$ cat structure.txt   # compact mmCIF, C-alpha atoms
# COMPACT_ATOMS: atom_id res chain seq x y z
CA MET J 1 4.49 -49.09 12.04
CA GLY J 2 3.22 -50.95 8.99
CA VAL J 3 3.46 -48.13 6.43
CA GLY J 4 6.69 -46.76 7.91
CA GLY J 5 8.27 -50.20 7.85
CA MET J 6 7.28 -50.74 4.23
CA ILE J 7 8.63 -47.36 3.13
CA GLY J 8 11.84 -47.79 5.14
CA GLY J 9 12.37 -51.28 3.75
CA GLY J 10 11.87 -49.99 0.23
CA ILE J 11 14.38 -47.19 0.73
CA PHE J 12 17.06 -49.51 2.09
CA SER J 13 16.56 -52.12 -0.62
CA VAL J 14 16.75 -49.50 -3.40
CA LEU J 15 19.81 -48.00 -1.70
CA GLY J 16 21.54 -51.38 -1.86
CA LEU J 17 20.72 -51.76 -5.54
CA PHE J 18 21.96 -48.24 -6.24
CA ILE J 19 25.30 -48.88 -4.54
CA ALA J 20 25.68 -52.22 -6.32
CA GLU J 21 25.11 -50.59 -9.72
CA ALA J 22 27.03 -47.35 -9.14
CA GLY J 23 30.04 -48.89 -7.44
CA HIS J 24 32.72 -46.31 -6.75
CA ALA J 25 30.57 -43.50 -8.15
CA ALA J 26 27.90 -43.95 -5.44
CA PRO J 27 29.12 -41.04 -3.26
CA LEU J 28 28.98 -38.76 -6.30
CA GLY J 29 25.34 -39.72 -6.76
CA PHE J 30 24.58 -38.78 -3.16
CA TYR J 31 26.35 -35.42 -3.56
CA VAL J 32 24.36 -34.67 -6.70
CA GLY J 33 21.14 -35.58 -4.89
CA VAL J 34 21.95 -33.30 -1.95
CA ALA J 35 22.82 -30.45 -4.33
CA ALA J 36 19.50 -30.95 -6.14
CA LEU J 37 17.57 -30.85 -2.85
CA GLU J 38 19.35 -27.65 -1.80
CA TYR J 39 18.55 -26.07 -5.16
CA LEU J 40 14.89 -27.05 -4.93
CA TYR J 41 14.64 -25.74 -1.37
CA SER J 42 16.08 -22.37 -2.38
CA GLN J 43 13.74 -22.13 -5.37
CA ARG J 44 10.77 -22.93 -3.15
CA SER J 45 11.84 -20.24 -0.69
CA LEU J 46 12.14 -17.68 -3.47
CA LEU J 47 8.72 -18.57 -4.82
CA LYS J 48 7.15 -18.26 -1.36
CA GLN J 49 8.64 -14.77 -0.99
CA ALA J 50 7.41 -13.70 -4.42
CA ALA J 51 3.85 -14.89 -3.81

$ encode --input "structure.txt" --output "structure tokens"
Amino acid sequence: MGVGGMIGGGIFSVLGLFIAEAGHAAPLGFYVGVAALEYLYSQRSLLKQAA
């Protein structure tokens, strides 16, 4: 519970700062992050198949 609570608290506090700074562009930042994760996942899958 201790480590999970610290990590979760850090994520939510940084999320609040991000939304405060980004304002109306915050959803765009989330979409870009999701697209980057999908790209990285596909690259990892391709590398696993090639190895």

$ residues_around --input "structure.txt" --residues "segment 24-34 of chain J" --least-positions-apart "6" --cutoff "10 Å" --atoms "all atoms listed in the file" --output "PyMOL selection string"
chain J and resi 15+18+40

$ atom_distance --input "structure.txt" --atom1 "atom CA of Ala22 of chain J" --atom2 "atom CA of Gly10 of chain J"
18.0 Å

$ atom_distance --input "structure.txt" --atom1 "atom CA of Leu37 of chain J" --atom2 "atom CA of Gln49 of chain J"
18.5 Å

$ atom_distance --input "structure.txt" --atom1 "atom CA of Ser13 of chain J" --atom2 "atom CA of Tyr39 of chain J"
26.5 Å

$ decode --input "structure.txt" --residues "chain J" --atoms "C-alpha atoms" --output "compact mmCIF listing (two decimals), in the first residue's frame"
# COMPACT_ATOMS: atom_id res chain seq x y z
CA MET J 1 0.00 0.00 0.00
CA GLY J 2 2.82 2.42 0.76
CA VAL J 3 4.60 2.35 -2.60
CA GLY J 4 1.35 2.15 -4.58
CA GLY J 5 -0.07 5.10 -2.68
CA MET J 6 3.04 7.17 -3.30
CA ILE J 7 3.07 6.39 -7.02
CA GLY J 8 -0.67 6.98 -7.37
CA GLY J 9 -0.44 10.27 -5.48
CA GLY J 10 2.40 11.38 -7.72
CA ILE J 11 0.47 10.53 -10.87
CA PHE J 12 -2.62 12.45 -9.77
CA SER J 13 -0.66 15.50 -8.64
CA VAL J 14 1.28 15.66 -11.92
CA LEU J 15 -1.97 15.17 -13.82
CA GLY J 16 -3.44 18.20 -12.08
CA LEU J 17 -0.40 20.31 -12.94
CA PHE J 18 -0.54 19.14 -16.55
CA ILE J 19 -4.19 20.11 -16.92
CA ALA J 20 -3.57 23.47 -15.25
CA GLU J 21 -0.73 24.27 -17.67
CA ALA J 22 -2.25 22.81 -20.85
CA GLY J 23 -5.74 24.19 -20.36
CA HIS J 24 -7.96 23.45 -23.34
CA ALA J 25 -5.18 21.51 -25.10
CA ALA J 26 -5.07 18.84 -22.36
CA PRO J 27 -7.18 16.28 -24.28
CA LEU J 28 -4.83 16.65 -27.25
CA GLY J 29 -1.93 15.77 -24.97
CA PHE J 30 -3.69 12.61 -23.84
CA TYR J 31 -4.44 11.61 -27.45
CA VAL J 32 -0.80 12.11 -28.41
CA GLY J 33 0.27 10.00 -25.43
CA VAL J 34 -2.09 7.17 -26.35
CA ALA J 35 -0.88 7.27 -29.96
CA ALA J 36 2.73 7.09 -28.77
CA LEU J 37 1.95 4.08 -26.56
CA GLU J 38 0.22 2.29 -29.45
CA TYR J 39 3.21 2.98 -31.70
CA LEU J 40 5.66 1.68 -29.11
CA TYR J 41 3.57 -1.44 -28.52
CA SER J 42 3.48 -2.23 -32.24
CA GLN J 43 7.23 -1.67 -32.57
CA ARG J 44 7.86 -3.97 -29.62
CA SER J 45 5.65 -6.65 -31.19
CA LEU J 46 7.52 -6.39 -34.48
CA LEU J 47 10.87 -6.67 -32.72
CA LYS J 48 9.74 -9.74 -30.79
CA GLN J 49 8.70 -11.43 -34.04
CA ALA J 50 12.00 -10.58 -35.72
CA ALA J 51 14.10 -11.94 -32.86
